[in-house]
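Participant: This is the structure, below, for whatever I ask next.
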Amino acid sequence: VQLQAFGGGLVQAGDSLTLSCVDSGRIFSSSAMGWFRQTPGKEREFVAAIAGSSGTTYLSDSVKGRFTISRDNAKNTVYLQMNNLKPEDTAVYSCAVRTYSGPGGSYFYAASYGYWGPGTLVTVSS
(Lines give C-alpha, C1' and ligand atoms only; values in the text may rest on other atoms or scores of the structure.)
Protein backbone atom coordinates (compact mmCIF):
# COMPACT_ATOMS: atom_id res chain seq x y z
CA VAL A 1 0.00 0.00 0.00
CA GLN A 2 1.32 3.38 -0.94
CA LEU A 3 -0.68 6.43 -0.03
CA GLN A 4 -0.03 9.87 -1.36
CA ALA A 5 -1.98 12.91 -0.24
CA PHE A 6 -1.88 16.17 -2.09
CA GLY A 7 -3.85 19.35 -2.56
CA GLY A 8 -2.69 21.31 0.47
CA GLY A 9 -1.68 24.91 0.32
CA LEU A 10 -2.07 28.39 1.71
CA VAL A 11 -5.58 29.80 1.66
CA GLN A 12 -7.52 32.53 3.39
CA ALA A 13 -10.23 32.06 5.96
CA GLY A 14 -13.52 31.26 4.25
CA ASP A 15 -11.86 29.66 1.25
CA SER A 16 -12.28 26.08 0.07
CA LEU A 17 -9.73 23.40 -0.65
CA THR A 18 -9.94 19.79 -1.77
CA LEU A 19 -7.43 17.22 -0.65
CA SER A 20 -6.92 13.99 -2.53
CA CYS A 21 -5.37 10.75 -1.39
CA VAL A 22 -4.38 8.12 -3.89
CA ASP A 23 -3.74 4.55 -2.88
CA SER A 24 -1.53 2.67 -5.27
CA GLY A 25 -2.26 -0.62 -3.51
CA ARG A 26 -5.00 -3.09 -4.15
CA ILE A 27 -7.00 -2.97 -0.97
CA PHE A 28 -8.53 0.43 -1.46
CA SER A 29 -12.05 -0.44 -2.55
CA SER A 30 -12.71 -2.72 0.40
CA SER A 31 -11.04 -0.64 3.06
CA ALA A 32 -12.22 2.20 5.20
CA MET A 33 -10.20 5.34 4.74
CA GLY A 34 -9.63 8.21 7.08
CA TRP A 35 -8.24 11.70 7.22
CA PHE A 36 -6.41 12.95 10.27
CA ARG A 37 -4.62 16.20 10.98
CA GLN A 38 -1.83 17.22 13.26
CA THR A 39 -0.24 20.42 14.43
CA PRO A 40 3.14 20.74 16.18
CA GLY A 41 3.03 19.61 19.77
CA LYS A 42 -0.41 18.08 19.50
CA GLU A 43 -1.69 14.59 18.97
CA ARG A 44 -3.10 13.46 15.69
CA GLU A 45 -6.74 14.47 15.42
CA PHE A 46 -9.50 12.60 13.61
CA VAL A 47 -11.13 14.60 10.83
CA ALA A 48 -13.19 12.28 8.66
CA ALA A 49 -13.58 8.68 7.58
CA ILE A 50 -15.48 6.74 4.99
CA ALA A 51 -16.39 3.07 5.11
CA GLY A 52 -15.19 0.74 2.40
CA SER A 53 -18.32 -1.06 1.30
CA SER A 54 -21.23 1.07 2.49
CA GLY A 55 -19.59 4.42 1.95
CA THR A 56 -20.91 5.61 5.29
CA THR A 57 -19.11 8.76 6.34
CA TYR A 58 -17.98 10.00 9.73
CA LEU A 59 -16.93 13.53 10.56
CA SER A 60 -15.52 15.17 13.64
CA ASP A 61 -17.76 17.73 15.29
CA SER A 62 -15.26 20.47 14.49
CA VAL A 63 -15.68 20.01 10.74
CA LYS A 64 -19.30 18.92 10.40
CA GLY A 65 -21.16 21.15 7.99
CA ARG A 66 -17.91 22.34 6.41
CA PHE A 67 -15.98 19.25 5.31
CA THR A 68 -17.09 16.33 3.17
CA ILE A 69 -15.31 13.05 2.60
CA SER A 70 -15.91 10.97 -0.50
CA ARG A 71 -14.22 8.25 -2.48
CA ASP A 72 -13.85 7.11 -6.05
CA ASN A 73 -12.98 3.43 -5.97
CA ALA A 74 -12.31 3.36 -9.70
CA LYS A 75 -9.53 5.87 -9.15
CA ASN A 76 -8.38 4.49 -5.78
CA THR A 77 -8.85 7.98 -4.44
CA VAL A 78 -10.45 9.49 -1.37
CA TYR A 79 -11.23 13.18 -1.22
CA LEU A 80 -11.64 15.69 1.55
CA GLN A 81 -13.61 18.70 0.44
CA MET A 82 -13.01 21.53 2.89
CA ASN A 83 -15.24 24.58 2.79
CA ASN A 84 -15.33 27.70 4.90
CA LEU A 85 -11.84 27.04 6.19
CA LYS A 86 -10.80 28.58 9.48
CA PRO A 87 -7.35 29.38 10.85
CA GLU A 88 -7.79 26.57 13.37
CA ASP A 89 -7.96 24.13 10.45
CA THR A 90 -4.29 24.78 9.82
CA ALA A 91 -2.46 21.45 10.11
CA VAL A 92 -0.74 18.68 8.26
CA TYR A 93 -3.45 16.43 6.86
CA SER A 94 -2.75 12.74 6.38
CA CYS A 95 -4.81 9.96 4.92
CA ALA A 96 -4.80 6.43 6.20
CA VAL A 97 -6.21 2.97 5.59
CA ARG A 98 -8.13 1.40 8.44
CA THR A 99 -6.74 -2.03 9.15
CA TYR A 100 -8.20 -2.87 12.54
CA SER A 101 -11.91 -3.28 13.16
CA GLY A 102 -11.77 -5.55 16.18
CA PRO A 103 -12.70 -4.83 19.80
CA GLY A 104 -11.83 -1.32 20.81
CA GLY A 105 -11.31 -0.24 17.24
CA SER A 106 -12.99 2.80 15.87
CA TYR A 107 -13.08 5.02 12.83
CA PHE A 108 -12.10 7.84 15.17
CA TYR A 109 -8.92 6.28 16.54
CA ALA A 110 -5.64 6.65 14.73
CA ALA A 111 -4.52 3.33 16.18
CA SER A 112 -7.14 1.57 14.02
CA TYR A 113 -5.33 2.66 10.88
CA GLY A 114 -2.30 0.69 9.77
CA TYR A 115 -1.16 2.45 6.63
CA TRP A 116 -0.40 6.13 6.50
CA GLY A 117 0.75 8.39 3.77
CA PRO A 118 2.91 11.49 4.07
CA GLY A 119 0.80 14.47 4.94
CA THR A 120 0.01 17.61 3.06
CA LEU A 121 0.14 20.98 4.77
CA VAL A 122 -2.94 23.18 4.87
CA THR A 123 -2.42 26.72 6.10
CA VAL A 124 -5.39 29.00 6.62
CA SER A 125 -4.63 32.66 7.15
CA SER A 126 -7.01 34.99 8.93
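Lettering and numbering for the C-alpha coordinates are positional, with chains as A, B, ... in the shown order, residues counted from 1 in each chain, and ligands counted from 1 in the shown order.
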Please provide as a CSV table (one decimal) with N, CA and C atoms, in the first residue's frame all residues within 10 Å of segment 114-120 of chain A, with the sequence filter that same-chain residues fewer than 5 positions apart are discarded (counting only C-alpha atoms).

Facilitator:
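Dumped to part-v8.csv:
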chain,number,residue,atom,x,y,z
A,1,VAL,N,0.8,-1.2,0.0
A,1,VAL,CA,0.0,0.0,0.0
A,1,VAL,C,0.9,1.2,0.0
A,2,GLN,N,0.6,2.1,-0.9
A,2,GLN,CA,1.3,3.4,-0.9
A,2,GLN,C,0.3,4.5,-1.1
A,3,LEU,N,0.3,5.3,-0.1
A,3,LEU,CA,-0.7,6.4,0.0
A,3,LEU,C,0.0,7.7,-0.3
A,4,GLN,N,-0.6,8.6,-1.1
A,4,GLN,CA,0.0,9.9,-1.4
A,4,GLN,C,-1.2,10.9,-1.3
A,5,ALA,N,-1.0,11.8,-0.4
A,5,ALA,CA,-2.0,12.9,-0.2
A,5,ALA,C,-1.4,14.2,-0.9
A,6,PHE,N,-2.3,14.9,-1.5
A,6,PHE,CA,-1.9,16.2,-2.1
A,6,PHE,C,-3.1,17.1,-2.2
A,7,GLY,N,-2.8,18.4,-2.5
A,7,GLY,CA,-3.8,19.4,-2.6
A,7,GLY,C,-3.8,20.4,-1.5
A,8,GLY,N,-2.8,20.3,-0.6
A,8,GLY,CA,-2.7,21.3,0.5
A,8,GLY,C,-2.2,22.6,-0.1
A,9,GLY,N,-2.2,23.6,0.7
A,9,GLY,CA,-1.7,24.9,0.3
A,9,GLY,C,-2.0,26.0,1.3
A,19,LEU,N,-8.6,18.1,-0.8
A,19,LEU,CA,-7.4,17.2,-0.7
A,19,LEU,C,-7.8,15.9,-1.3
A,20,SER,N,-6.8,15.3,-1.9
A,20,SER,CA,-6.9,14.0,-2.5
A,20,SER,C,-5.9,13.0,-1.9
A,21,CYS,N,-6.3,11.8,-1.9
A,21,CYS,CA,-5.4,10.8,-1.4
A,21,CYS,C,-5.5,9.6,-2.3
A,22,VAL,N,-4.4,9.2,-2.9
A,22,VAL,CA,-4.4,8.1,-3.9
A,22,VAL,C,-3.7,6.9,-3.3
A,23,ASP,N,-4.3,5.8,-3.4
A,23,ASP,CA,-3.7,4.5,-2.9
A,23,ASP,C,-3.3,3.7,-4.1
A,33,MET,N,-11.3,4.4,4.8
A,33,MET,CA,-10.2,5.3,4.7
A,33,MET,C,-10.5,6.5,5.7
A,34,GLY,N,-9.4,7.1,6.2
A,34,GLY,CA,-9.6,8.2,7.1
A,34,GLY,C,-8.7,9.3,6.8
A,35,TRP,N,-9.1,10.5,7.2
A,35,TRP,CA,-8.2,11.7,7.2
A,35,TRP,C,-8.0,12.1,8.7
A,36,PHE,N,-6.8,12.4,9.0
A,36,PHE,CA,-6.4,13.0,10.3
A,36,PHE,C,-5.6,14.2,10.0
A,37,ARG,N,-5.5,15.0,11.1
A,37,ARG,CA,-4.6,16.2,11.0
A,37,ARG,C,-3.8,16.4,12.3
A,38,GLN,N,-2.7,17.0,12.1
A,38,GLN,CA,-1.8,17.2,13.3
A,38,GLN,C,-1.1,18.6,13.2
A,91,ALA,N,-3.1,22.7,9.6
A,91,ALA,CA,-2.5,21.5,10.1
A,91,ALA,C,-1.9,20.7,8.9
A,92,VAL,N,-1.2,19.6,9.3
A,92,VAL,CA,-0.7,18.7,8.3
A,92,VAL,C,-1.8,17.6,8.2
A,93,TYR,N,-2.4,17.4,7.0
A,93,TYR,CA,-3.5,16.4,6.9
A,93,TYR,C,-2.9,15.1,6.2
A,94,SER,N,-3.2,14.0,6.9
A,94,SER,CA,-2.8,12.7,6.4
A,94,SER,C,-3.9,11.8,6.1
A,95,CYS,N,-3.8,11.0,5.1
A,95,CYS,CA,-4.8,10.0,4.9
A,95,CYS,C,-4.3,8.6,5.4
A,96,ALA,N,-5.2,7.7,5.7
A,96,ALA,CA,-4.8,6.4,6.2
A,96,ALA,C,-5.8,5.4,5.8
A,97,VAL,N,-5.4,4.1,5.8
A,97,VAL,CA,-6.2,3.0,5.6
A,97,VAL,C,-6.5,2.3,6.9
A,98,ARG,N,-7.8,2.1,7.2
A,98,ARG,CA,-8.1,1.4,8.4
A,98,ARG,C,-7.9,-0.1,8.3
A,99,THR,N,-7.1,-0.6,9.2
A,99,THR,CA,-6.7,-2.0,9.1
A,99,THR,C,-7.2,-2.8,10.3
A,100,TYR,N,-7.7,-2.2,11.4
A,100,TYR,CA,-8.2,-2.9,12.5
A,100,TYR,C,-9.6,-2.5,12.8

Participant: If we count only C-alpha atoms, what is near Ser54 of chain A at a cut-off of 12 Å, once residues fewer than 6 positions away on the same chain are taken out, given as a ChimeraX atom specification?

Facilitator: /A:29-32,70-71

Participant: I need the helix (DSSP H, G or I) residues of chain A per DSSP on the backbone, written as a ChimeraX atom specification.

Facilitator: /A:28-30,73-75,87-89,110-112

Participant: Enumerate, as a PyMOL selection string, the complete set of residues in segment 1-121 of chain A that a backbone-based DSSP assignment places in strand (DSSP E).

Facilitator: chain A and resi 3-6+9-12+17-23+33-38+45-50+57-59+67-72+77-82+91-98+113-116+120-121

Participant: Find, counting only C-alpha atoms, the residue in A:Thr123, A:Asn73, A:Thr68, A:Thr57 that gets nearest to Lys86 of chain A.

Facilitator: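 Distance minimum relative to Lys86 of chain A lands on A:Thr123.
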
Participant: Suppose you want the space between atom CA of Tyr58 of chain A and atom CA of Phe46 of chain A; what is it in Å?

Facilitator: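 Between atom CA of Tyr58 of chain A and atom CA of Phe46 of chain A the gap is 9.7 Å.
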
Participant: Skip Asp15 of chain A itself and residues of its chain fewer than 6 positions away, then list as JSON, numbers by chain all residues within 9 Å of it, counting only C-alpha atoms.

Facilitator: {"A": [82, 83, 84, 85, 86, 124]}
